[in-house]
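Text of the file data_7.cif, holding mmCIF, C-alpha atoms and all ligand atoms; chains and numbers go by the auth columns:
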data_work
#
loop_
_atom_site.group_PDB
_atom_site.id
_atom_site.type_symbol
_atom_site.label_atom_id
_atom_site.label_comp_id
_atom_site.label_asym_id
_atom_site.label_seq_id
_atom_site.Cartn_x
_atom_site.Cartn_y
_atom_site.Cartn_z
_atom_site.B_iso_or_equiv
_atom_site.auth_seq_id
_atom_site.auth_asym_id
ATOM 1 C CA MET A 1 -1.664 17.851 -4.228 0.00 4 A
ATOM 2 C CA GLY A 2 -0.144 19.103 -7.446 0.00 5 A
ATOM 3 C CA GLU A 3 -3.010 21.477 -8.335 0.00 6 A
ATOM 4 C CA ALA A 4 -0.644 23.946 -9.959 0.00 7 A
ATOM 5 C CA CYS A 5 0.621 21.500 -12.555 0.00 8 A
ATOM 6 C CA GLY A 6 -2.666 19.690 -13.238 0.00 9 A
ATOM 7 C CA LEU A 7 -3.327 15.999 -12.830 0.00 10 A
ATOM 8 C CA ASN A 8 -0.139 14.494 -14.096 0.00 11 A
ATOM 9 C CA LEU A 9 0.627 11.001 -12.818 0.00 12 A
ATOM 10 C CA HIS A 10 4.371 11.572 -12.611 0.00 13 A
ATOM 11 C CA SER A 11 4.024 14.721 -10.554 0.00 14 A
ATOM 12 C CA GLU A 12 1.148 13.363 -8.461 0.00 15 A
ATOM 13 C CA MET A 13 2.558 9.986 -7.514 0.00 16 A
ATOM 14 C CA LYS A 14 6.324 9.949 -7.422 0.00 17 A
ATOM 15 C CA SER A 15 6.530 7.034 -5.042 0.00 18 A
ATOM 16 C CA ILE A 16 4.307 4.127 -4.136 0.00 19 A
ATOM 17 C CA CYS A 17 4.618 1.996 -1.032 0.00 20 A
ATOM 18 C CA VAL A 18 3.983 -1.650 -1.812 0.00 21 A
ATOM 19 C CA TYR A 19 2.987 -4.116 0.874 0.00 22 A
ATOM 20 C CA CYS A 20 3.408 -7.765 -0.046 0.00 23 A
ATOM 21 C CA GLY A 21 4.280 -11.193 1.224 0.00 24 A
ATOM 22 C CA ALA A 22 7.639 -12.141 2.655 0.00 25 A
ATOM 23 C CA ASN A 23 6.836 -15.513 1.053 0.00 26 A
ATOM 24 C CA GLU A 24 6.338 -16.325 -2.625 0.00 27 A
ATOM 25 C CA GLY A 25 2.952 -17.981 -2.211 0.00 28 A
ATOM 26 C CA SER A 26 1.888 -21.336 -3.555 0.00 29 A
ATOM 27 C CA SER A 27 1.524 -20.328 -7.202 0.00 30 A
ATOM 28 C CA PRO A 28 4.073 -18.708 -9.555 0.00 31 A
ATOM 29 C CA ILE A 29 1.323 -16.299 -10.585 0.00 32 A
ATOM 30 C CA TYR A 30 2.016 -14.211 -7.454 0.00 33 A
ATOM 31 C CA ALA A 31 5.710 -13.711 -8.238 0.00 34 A
ATOM 32 C CA LYS A 32 4.816 -12.887 -11.840 0.00 35 A
ATOM 33 C CA ALA A 33 2.301 -10.292 -10.669 0.00 36 A
ATOM 34 C CA ALA A 34 4.876 -8.755 -8.297 0.00 37 A
ATOM 35 C CA GLU A 35 7.413 -8.518 -11.116 0.00 38 A
ATOM 36 C CA ALA A 36 4.857 -7.002 -13.501 0.00 39 A
ATOM 37 C CA CYS A 37 3.888 -4.489 -10.810 0.00 40 A
ATOM 38 C CA GLY A 38 7.541 -3.517 -10.341 0.00 41 A
ATOM 39 C CA ALA A 39 8.066 -3.096 -14.085 0.00 42 A
ATOM 40 C CA THR A 40 4.969 -0.898 -14.347 0.00 43 A
ATOM 41 C CA LEU A 41 6.109 1.331 -11.473 0.00 44 A
ATOM 42 C CA ALA A 42 9.560 1.754 -12.996 0.00 45 A
ATOM 43 C CA GLY A 43 8.038 2.381 -16.436 0.00 46 A
ATOM 44 C CA ARG A 44 6.065 5.275 -14.973 0.00 47 A
ATOM 45 C CA GLU A 45 9.101 6.572 -13.082 0.00 48 A
ATOM 46 C CA ILE A 46 7.430 5.876 -9.778 0.00 49 A
ATOM 47 C CA SER A 47 9.834 4.923 -6.970 0.00 50 A
ATOM 48 C CA LEU A 48 9.132 1.822 -4.923 0.00 51 A
ATOM 49 C CA VAL A 49 8.995 2.152 -1.154 0.00 52 A
ATOM 50 C CA PHE A 50 8.881 -1.241 0.523 0.00 53 A
ATOM 51 C CA GLY A 51 9.868 -3.222 3.587 0.00 54 A
ATOM 52 C CA GLY A 52 13.461 -3.700 2.468 0.00 55 A
ATOM 53 C CA GLY A 53 13.456 -7.492 2.545 0.00 56 A
ATOM 54 C CA ASN A 54 15.143 -9.711 -0.004 0.00 57 A
ATOM 55 C CA ILE A 55 12.711 -12.574 0.274 0.00 58 A
ATOM 56 C CA GLY A 56 9.355 -13.593 -1.165 0.00 59 A
ATOM 57 C CA LEU A 57 7.331 -11.143 -3.221 0.00 60 A
ATOM 58 C CA MET A 58 9.224 -8.281 -1.551 0.00 61 A
ATOM 59 C CA GLY A 59 12.461 -9.382 -3.172 0.00 62 A
ATOM 60 C CA ARG A 60 10.716 -10.039 -6.482 0.00 63 A
ATOM 61 C CA ILE A 61 9.202 -6.587 -6.816 0.00 64 A
ATOM 62 C CA ALA A 62 12.388 -4.829 -5.710 0.00 65 A
ATOM 63 C CA ASP A 63 14.439 -6.790 -8.257 0.00 66 A
ATOM 64 C CA ALA A 64 11.920 -6.014 -11.002 0.00 67 A
ATOM 65 C CA VAL A 65 12.049 -2.261 -10.337 0.00 68 A
ATOM 66 C CA LEU A 66 15.859 -2.294 -10.223 0.00 69 A
ATOM 67 C CA ALA A 67 16.052 -4.360 -13.434 0.00 70 A
ATOM 68 C CA ALA A 68 13.950 -1.683 -15.153 0.00 71 A
ATOM 69 C CA LYS A 69 16.322 1.028 -13.847 0.00 72 A
ATOM 70 C CA GLY A 70 13.813 2.287 -11.300 0.00 73 A
ATOM 71 C CA LYS A 71 14.411 3.593 -7.799 0.00 74 A
ATOM 72 C CA VAL A 72 13.861 1.420 -4.721 0.00 75 A
ATOM 73 C CA ILE A 73 13.761 2.607 -1.129 0.00 76 A
ATOM 74 C CA GLY A 74 13.737 -0.099 1.528 0.00 77 A
ATOM 75 C CA VAL A 75 12.738 0.651 5.109 0.00 78 A
ATOM 76 C CA ILE A 76 13.742 -2.075 7.508 0.00 79 A
ATOM 77 C CA PRO A 77 14.090 -2.482 11.269 0.00 80 A
ATOM 78 C CA GLN A 78 17.575 -3.224 12.582 0.00 81 A
ATOM 79 C CA SER A 79 16.408 -6.565 13.927 0.00 82 A
ATOM 80 C CA LEU A 80 15.596 -7.813 10.406 0.00 83 A
ATOM 81 C CA VAL A 81 18.860 -6.439 8.983 0.00 84 A
ATOM 82 C CA ASP A 82 20.698 -8.361 11.661 0.00 85 A
ATOM 83 C CA ARG A 83 19.070 -11.548 10.449 0.00 86 A
ATOM 84 C CA GLU A 84 20.663 -10.801 7.055 0.00 87 A
ATOM 85 C CA LEU A 85 17.320 -10.484 5.325 0.00 88 A
ATOM 86 C CA ALA A 86 17.814 -6.949 4.024 0.00 89 A
ATOM 87 C CA HIS A 87 17.988 -6.411 0.263 0.00 90 A
ATOM 88 C CA ARG A 88 21.502 -5.059 -0.352 0.00 91 A
ATOM 89 C CA GLY A 89 20.978 -3.918 -3.932 0.00 92 A
ATOM 90 C CA VAL A 90 18.362 -1.233 -3.320 0.00 93 A
ATOM 91 C CA THR A 91 18.893 2.423 -4.173 0.00 94 A
ATOM 92 C CA GLU A 92 18.489 3.442 -0.552 0.00 95 A
ATOM 93 C CA LEU A 93 18.134 1.365 2.606 0.00 96 A
ATOM 94 C CA ILE A 94 16.694 3.184 5.605 0.00 97 A
ATOM 95 C CA ILE A 95 17.308 1.379 8.870 0.00 98 A
ATOM 96 C CA VAL A 96 14.878 2.102 11.689 0.00 99 A
ATOM 97 C CA ASN A 97 14.471 0.869 15.259 0.00 100 A
ATOM 98 C CA SER A 98 11.051 -0.741 15.239 0.00 101 A
ATOM 99 C CA MET A 99 8.208 -2.006 13.082 0.00 102 A
ATOM 100 C CA HIS A 100 6.131 0.986 14.133 0.00 103 A
ATOM 101 C CA GLU A 101 8.852 3.391 13.051 0.00 104 A
ATOM 102 C CA ARG A 102 9.145 1.496 9.764 0.00 105 A
ATOM 103 C CA LYS A 103 5.440 1.791 8.972 0.00 106 A
ATOM 104 C CA GLN A 104 5.388 5.501 9.812 0.00 107 A
ATOM 105 C CA CYS A 105 8.450 6.088 7.642 0.00 108 A
ATOM 106 C CA MET A 106 6.978 4.143 4.711 0.00 109 A
ATOM 107 C CA THR A 107 3.708 6.063 5.039 0.00 110 A
ATOM 108 C CA ASP A 108 5.514 9.408 5.069 0.00 111 A
ATOM 109 C CA LEU A 109 7.710 8.584 2.059 0.00 112 A
ATOM 110 C CA ALA A 110 4.933 7.346 -0.233 0.00 113 A
ATOM 111 C CA ASP A 111 2.335 9.215 -2.287 0.00 114 A
ATOM 112 C CA GLY A 112 0.096 6.134 -2.334 0.00 115 A
ATOM 113 C CA PHE A 113 -0.054 2.474 -1.338 0.00 116 A
ATOM 114 C CA ILE A 114 -0.629 -0.828 -3.094 0.00 117 A
ATOM 115 C CA ALA A 115 -1.103 -4.175 -1.412 0.00 118 A
ATOM 116 C CA LEU A 116 -0.117 -7.288 -3.313 0.00 119 A
ATOM 117 C CA PRO A 117 -0.915 -10.785 -2.075 0.00 120 A
ATOM 118 C CA GLY A 118 0.690 -11.542 1.252 0.00 121 A
ATOM 119 C CA GLY A 119 0.071 -12.855 4.731 0.00 122 A
ATOM 120 C CA ILE A 120 -0.641 -11.387 8.137 0.00 123 A
ATOM 121 C CA GLY A 121 2.107 -8.762 7.860 0.00 124 A
ATOM 122 C CA THR A 122 0.712 -7.466 4.589 0.00 125 A
ATOM 123 C CA LEU A 123 -2.830 -7.474 5.943 0.00 126 A
ATOM 124 C CA GLU A 124 -1.740 -5.538 9.011 0.00 127 A
ATOM 125 C CA GLU A 125 0.044 -2.905 6.931 0.00 128 A
ATOM 126 C CA LEU A 126 -2.902 -2.558 4.547 0.00 129 A
ATOM 127 C CA THR A 127 -5.517 -2.277 7.275 0.00 130 A
ATOM 128 C CA GLU A 128 -3.438 0.214 9.228 0.00 131 A
ATOM 129 C CA VAL A 129 -2.962 2.555 6.303 0.00 132 A
ATOM 130 C CA PHE A 130 -6.655 2.131 5.370 0.00 133 A
ATOM 131 C CA THR A 131 -7.659 2.961 8.957 0.00 134 A
ATOM 132 C CA TRP A 132 -5.487 6.071 8.893 0.00 135 A
ATOM 133 C CA LEU A 133 -7.130 7.166 5.627 0.00 136 A
ATOM 134 C CA GLN A 134 -10.585 6.600 7.098 0.00 137 A
ATOM 135 C CA LEU A 135 -9.649 8.770 10.072 0.00 138 A
ATOM 136 C CA GLY A 136 -8.184 11.452 7.816 0.00 139 A
ATOM 137 C CA PHE A 137 -4.633 11.085 9.177 0.00 140 A
ATOM 138 C CA HIS A 138 -3.500 11.016 5.552 0.00 141 A
ATOM 139 C CA HIS A 139 -5.239 11.600 2.228 0.00 142 A
ATOM 140 C CA LYS A 140 -3.258 9.222 0.022 0.00 143 A
ATOM 141 C CA PRO A 141 -4.825 6.613 -2.301 0.00 144 A
ATOM 142 C CA ILE A 142 -4.748 2.895 -1.548 0.00 145 A
ATOM 143 C CA GLY A 143 -4.987 0.121 -4.126 0.00 146 A
ATOM 144 C CA LEU A 144 -5.465 -3.609 -3.769 0.00 147 A
ATOM 145 C CA LEU A 145 -3.881 -5.738 -6.486 0.00 148 A
ATOM 146 C CA ASN A 146 -6.368 -8.569 -6.511 0.00 149 A
ATOM 147 C CA VAL A 147 -4.267 -11.208 -8.269 0.00 150 A
ATOM 148 C CA GLU A 148 -6.471 -14.134 -9.327 0.00 151 A
ATOM 149 C CA GLY A 149 -9.107 -13.115 -6.790 0.00 152 A
ATOM 150 C CA TYR A 150 -6.673 -13.527 -3.879 0.00 153 A
ATOM 151 C CA TYR A 151 -8.383 -10.772 -1.913 0.00 154 A
ATOM 152 C CA ASP A 152 -11.992 -11.743 -2.693 0.00 155 A
ATOM 153 C CA PRO A 153 -12.555 -13.027 0.876 0.00 156 A
ATOM 154 C CA LEU A 154 -11.292 -9.717 2.303 0.00 157 A
ATOM 155 C CA LEU A 155 -13.589 -7.772 -0.032 0.00 158 A
ATOM 156 C CA GLU A 156 -16.473 -9.958 1.158 0.00 159 A
ATOM 157 C CA LEU A 157 -15.534 -9.201 4.758 0.00 160 A
ATOM 158 C CA LEU A 158 -15.537 -5.462 4.058 0.00 161 A
ATOM 159 C CA LYS A 159 -19.034 -5.751 2.549 0.00 162 A
ATOM 160 C CA HIS A 160 -20.097 -7.747 5.586 0.00 163 A
ATOM 161 C CA MET A 161 -18.765 -4.993 7.869 0.00 164 A
ATOM 162 C CA GLU A 162 -20.748 -2.465 5.873 0.00 165 A
ATOM 163 C CA GLY A 163 -23.927 -4.558 6.026 0.00 166 A
ATOM 164 C CA ALA A 164 -23.514 -4.905 9.773 0.00 167 A
ATOM 165 C CA GLY A 165 -23.139 -1.169 10.209 0.00 168 A
ATOM 166 C CA PHE A 166 -19.448 -1.005 11.126 0.00 169 A
ATOM 167 C CA LEU A 167 -18.093 0.483 7.907 0.00 170 A
ATOM 168 C CA HIS A 168 -19.531 3.267 5.757 0.00 171 A
ATOM 169 C CA ASP A 169 -19.894 2.485 2.049 0.00 172 A
ATOM 170 C CA ILE A 170 -18.127 5.766 1.283 0.00 173 A
ATOM 171 C CA HIS A 171 -15.092 4.542 3.226 0.00 174 A
ATOM 172 C CA ARG A 172 -15.146 0.999 1.844 0.00 175 A
ATOM 173 C CA GLU A 173 -15.211 2.461 -1.658 0.00 176 A
ATOM 174 C CA MET A 174 -12.016 4.432 -1.006 0.00 177 A
ATOM 175 C CA LEU A 175 -10.090 1.197 -1.569 0.00 178 A
ATOM 176 C CA PHE A 176 -9.294 0.771 -5.271 0.00 179 A
ATOM 177 C CA VAL A 177 -9.320 -2.816 -6.507 0.00 180 A
ATOM 178 C CA SER A 178 -7.958 -4.273 -9.743 0.00 181 A
ATOM 179 C CA ASP A 179 -5.885 -7.206 -10.966 0.00 182 A
ATOM 180 C CA ASP A 180 -3.827 -4.813 -13.088 0.00 183 A
ATOM 181 C CA THR A 181 -1.266 -2.350 -11.714 0.00 184 A
ATOM 182 C CA ALA A 182 -1.660 0.220 -14.506 0.00 185 A
ATOM 183 C CA THR A 183 -5.443 0.305 -13.997 0.00 186 A
ATOM 184 C CA LEU A 184 -4.940 0.738 -10.259 0.00 187 A
ATOM 185 C CA LEU A 185 -2.475 3.590 -10.722 0.00 188 A
ATOM 186 C CA ASP A 186 -4.793 5.369 -13.164 0.00 189 A
ATOM 187 C CA ALA A 187 -7.635 5.192 -10.643 0.00 190 A
ATOM 188 C CA MET A 188 -5.419 6.190 -7.721 0.00 191 A
ATOM 189 C CA GLU A 189 -4.186 9.247 -9.594 0.00 192 A
ATOM 190 C CA ASP A 190 -7.662 10.803 -9.466 0.00 193 A
ATOM 191 C CA PHE A 191 -8.307 9.983 -5.822 0.00 194 A
ATOM 192 C CA GLU A 192 -9.835 12.581 -3.571 0.00 195 A
ATOM 193 C CA ARG A 193 -10.700 11.580 -0.045 0.00 196 A
ATOM 194 C CA PRO A 194 -14.435 11.992 0.662 0.00 197 A
ATOM 195 C CA GLN A 195 -15.233 14.842 3.022 0.00 198 A
ATOM 196 C CA GLU A 196 -17.348 12.654 5.256 0.00 199 A
ATOM 197 C CA ASP A 197 -15.520 11.657 8.414 0.00 200 A
ATOM 198 C CA LYS A 198 -15.866 8.450 10.368 0.00 201 A
ATOM 199 C CA TRP A 199 -18.349 9.965 12.787 0.00 202 A
ATOM 200 C CA PRO A 200 -20.848 11.996 10.727 0.00 203 A
ATOM 201 C CA SER A 201 -23.275 12.183 13.683 0.00 204 A
ATOM 202 C CA SER A 202 -20.645 13.819 15.924 0.00 205 A
ATOM 203 C CA ARG A 203 -20.821 16.909 13.721 0.00 206 A
ATOM 204 C CA THR A 204 -24.505 17.394 14.419 0.00 207 A
ATOM 205 C CA GLN A 205 -24.058 16.903 18.169 0.00 208 A
ATOM 206 C CA SER A 206 -21.410 19.591 18.576 0.00 209 A
HETATM 207 P P1 LIG B . 3.721 -11.311 5.391 0.00 301 A
HETATM 208 O O1 LIG B . 2.601 -10.719 4.621 0.00 301 A
HETATM 209 O O2 LIG B . 3.260 -11.893 6.706 0.00 301 A
HETATM 210 O O3 LIG B . 4.573 -12.248 4.602 0.00 301 A
HETATM 211 O O4 LIG B . 4.659 -10.115 5.826 0.00 301 A
HETATM 212 C C1 LIG B . 5.076 -9.179 4.919 0.00 301 A
HETATM 213 C C2 LIG B . 5.460 -7.955 5.648 0.00 301 A
HETATM 214 O O5 LIG B . 6.124 -8.333 6.856 0.00 301 A
HETATM 215 C C3 LIG B . 6.422 -7.089 4.900 0.00 301 A
HETATM 216 O O6 LIG B . 5.767 -6.077 4.192 0.00 301 A
HETATM 217 C C4 LIG B . 7.293 -6.592 5.985 0.00 301 A
HETATM 218 O O7 LIG B . 6.728 -5.469 6.605 0.00 301 A
HETATM 219 C C5 LIG B . 7.349 -7.692 6.993 0.00 301 A
HETATM 220 N N1 LIG B . 8.468 -8.646 6.829 0.00 301 A
HETATM 221 C C6 LIG B . 8.389 -9.942 7.077 0.00 301 A
HETATM 222 N N2 LIG B . 9.557 -10.548 6.878 0.00 301 A
HETATM 223 C C7 LIG B . 10.422 -9.608 6.481 0.00 301 A
HETATM 224 C C8 LIG B . 11.789 -9.597 6.112 0.00 301 A
HETATM 225 N N3 LIG B . 12.530 -10.696 6.129 0.00 301 A
HETATM 226 N N4 LIG B . 12.342 -8.453 5.722 0.00 301 A
HETATM 227 C C9 LIG B . 11.609 -7.343 5.727 0.00 301 A
HETATM 228 N N5 LIG B . 10.329 -7.275 6.066 0.00 301 A
HETATM 229 C C10 LIG B . 9.743 -8.393 6.446 0.00 301 A
#

Starting from the coordinates I provided, produce the structure as structure tokens.
Ligand code: AMP
Amino acid sequence: MGEACGLNLHSEMKSICVYCGANEGSSPIYAKAAEACGATLAGREISLVFGGGNIGLMGRIADAVLAAKGKVIGVIPQSLVDRELAHRGVTELIIVNSMHERKQCMTDLADGFIALPGGIGTLEELTEVFTWLQLGFHHKPIGLLNVEGYYDPLLELLKHMEGAGFLHDIHREMLFVSDDTATLLDAMEDFERPQEDKWPSSRTQS
């Protein structure tokens, strides 16, 4: 991960995959946060990888990156293109066959992930990529943009999982949380996945 050139944000994180709502949410603060996030990514010359939709916060962040002369890669299943929901102004639109293929493609293309406020789709994408990090299937940083405490209930749930013995603190703490994109990116830049795997006891048994 860029050891040869030192810890430089631009060389470390060239692209970030953003998960966010296909709706705008009930407050304009969410759209504003998505636009600010897009402007920050473009300002740091970080490409946006996203779901390719032209609606909700997805459309907002893509437009913000493009307006700031940044690069946007959309990854969208054919079935959503056919419903004319694809963003046609992106730098590159990758059309795939299924949602599973889309998520794999987005994961492969990105150097890190940020979840903005969203619904079930966003939650599913976030938890999948977090699960894969926990299992060591990738070693890329994940950030949660906690706009106006939107994700406080999820953070409570994660603590509850830890208290109940289903999540290790070391894994819960891998998720970076901030209400500011620049702060998130700074933290994500220094990320190193803990050595500990999900099943520490299995090592002693073998
Ligand atoms: P949600 O959080 O439920 O609003 O869903 C957001 C996620 O669902 C996005 O990140 C996409 O993966 C997917 N999605 C939902 N609607 C669309 C759409 N019209 N175009 C592209 N992706 C979509």

message = Here is a test: counting all atoms listed in the file, which residue of A:Leu112, A:Ala118, A:Ala89, A:Ala45 is nearest to Tyr153 of chain A?
response =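 Ranked by minimum distance to Tyr153 of chain A, first place goes to A:Ala118.
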
request  = Identify the residues within 7 Å of coordinate (9.4, -14.1, -3.9) (same frame as the file), considering only C-alpha atoms, and give the answer as number ranges by chain.
outcome  = A: 26-27, 34, 58-63

key: Given the PyMOL selection byres (((chain A and resi 180) around 7) and not hetatm), the residues it picks as a list in words   =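 Going through the file, the PyMOL selection byres (((chain A and resi 180) around 7) and not hetatm) ends up selecting Gly146, Leu147, Leu148, Asn149, Leu178, Phe179, Ser181 and Leu187 of chain A.
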
query = Using only C-alpha atoms and all ligand atoms, which residue out of A:Thr184, A:Ser101, A:Thr134, A:Asn57 lies closest to ligand LIG 301 (chain A)?
reply = A:Asn57

query = Would you name the residues within 10 Å of ligand LIG 301 (chain A), counting only C-alpha atoms and all ligand atoms, and put them as an MDAnalysis selection string?
reply = chainID A and resid 20:28 53:62 77:84 86:90 102:103 105:106 109 118:129

Write the residues of the selection above to a file with C-alpha atoms, as a short mmCIF file (atom, residue, chain, number, x, y, z; two decimals), in the coordinates of the input.
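New file result.cif:
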data_model
loop_
_atom_site.label_atom_id
_atom_site.label_comp_id
_atom_site.auth_asym_id
_atom_site.auth_seq_id
_atom_site.Cartn_x
_atom_site.Cartn_y
_atom_site.Cartn_z
CA CYS A 20 4.62 2.00 -1.03
CA VAL A 21 3.98 -1.65 -1.81
CA TYR A 22 2.99 -4.12 0.87
CA CYS A 23 3.41 -7.76 -0.05
CA GLY A 24 4.28 -11.19 1.22
CA ALA A 25 7.64 -12.14 2.66
CA ASN A 26 6.84 -15.51 1.05
CA GLU A 27 6.34 -16.32 -2.62
CA GLY A 28 2.95 -17.98 -2.21
CA PHE A 53 8.88 -1.24 0.52
CA GLY A 54 9.87 -3.22 3.59
CA GLY A 55 13.46 -3.70 2.47
CA GLY A 56 13.46 -7.49 2.54
CA ASN A 57 15.14 -9.71 0.00
CA ILE A 58 12.71 -12.57 0.27
CA GLY A 59 9.36 -13.59 -1.16
CA LEU A 60 7.33 -11.14 -3.22
CA MET A 61 9.22 -8.28 -1.55
CA GLY A 62 12.46 -9.38 -3.17
CA GLY A 77 13.74 -0.10 1.53
CA VAL A 78 12.74 0.65 5.11
CA ILE A 79 13.74 -2.08 7.51
CA PRO A 80 14.09 -2.48 11.27
CA GLN A 81 17.58 -3.22 12.58
CA SER A 82 16.41 -6.56 13.93
CA LEU A 83 15.60 -7.81 10.41
CA VAL A 84 18.86 -6.44 8.98
CA ARG A 86 19.07 -11.55 10.45
CA GLU A 87 20.66 -10.80 7.06
CA LEU A 88 17.32 -10.48 5.32
CA ALA A 89 17.81 -6.95 4.02
CA HIS A 90 17.99 -6.41 0.26
CA MET A 102 8.21 -2.01 13.08
CA HIS A 103 6.13 0.99 14.13
CA ARG A 105 9.14 1.50 9.76
CA LYS A 106 5.44 1.79 8.97
CA MET A 109 6.98 4.14 4.71
CA ALA A 118 -1.10 -4.18 -1.41
CA LEU A 119 -0.12 -7.29 -3.31
CA PRO A 120 -0.92 -10.78 -2.08
CA GLY A 121 0.69 -11.54 1.25
CA GLY A 122 0.07 -12.86 4.73
CA ILE A 123 -0.64 -11.39 8.14
CA GLY A 124 2.11 -8.76 7.86
CA THR A 125 0.71 -7.47 4.59
CA LEU A 126 -2.83 -7.47 5.94
CA GLU A 127 -1.74 -5.54 9.01
CA GLU A 128 0.04 -2.90 6.93
CA LEU A 129 -2.90 -2.56 4.55
#

Pick from A:Asp183, A:Glu192, A:Asp66, A:Glu151, whichever lies nearest to Val93 of chain A using all atoms listed in the file =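 Comparing A:Asp183, A:Glu192, A:Asp66, A:Glu151 against Val93 of chain A, the winner is A:Asp66.
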
task = Enter the distance from atom CA of Lys17 of chain A to atom CA of Ile97 of chain A, in Å, rounded to one decimal.
result = 18.0 Å

query = atom CA of His141 of chain A and atom CA of Glu176 of chain A, how far apart in Å?
reply =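 These two atoms are separated by 16.2 Å.
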
message = Rounded to one decimal, what separation in Å do you get between atom CA of Gly152 of chain A and atom CA of Asp114 of chain A?
response =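 For atom CA of Gly152 of chain A relative to atom CA of Asp114 of chain A, the distance reads 25.5 Å.
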
Given the PyMOL selection byres (((chain A and resi 140) around 12) and not hetatm), the residues it picks as a PyMOL selection string = chain A and resi 107+110-111+131-139+141-143+196+200-201

inquiry  = List the spatial neighbours of Leu44 of chain A as a ChimeraX atom specification - criterion: any atom at most 12 Å away, all atoms listed in the file, same-chain residues fewer than 2 positions off excluded.
reply    = /A:12-13,16-21,37-42,46-52,64-65,67-75,115-117,183-189
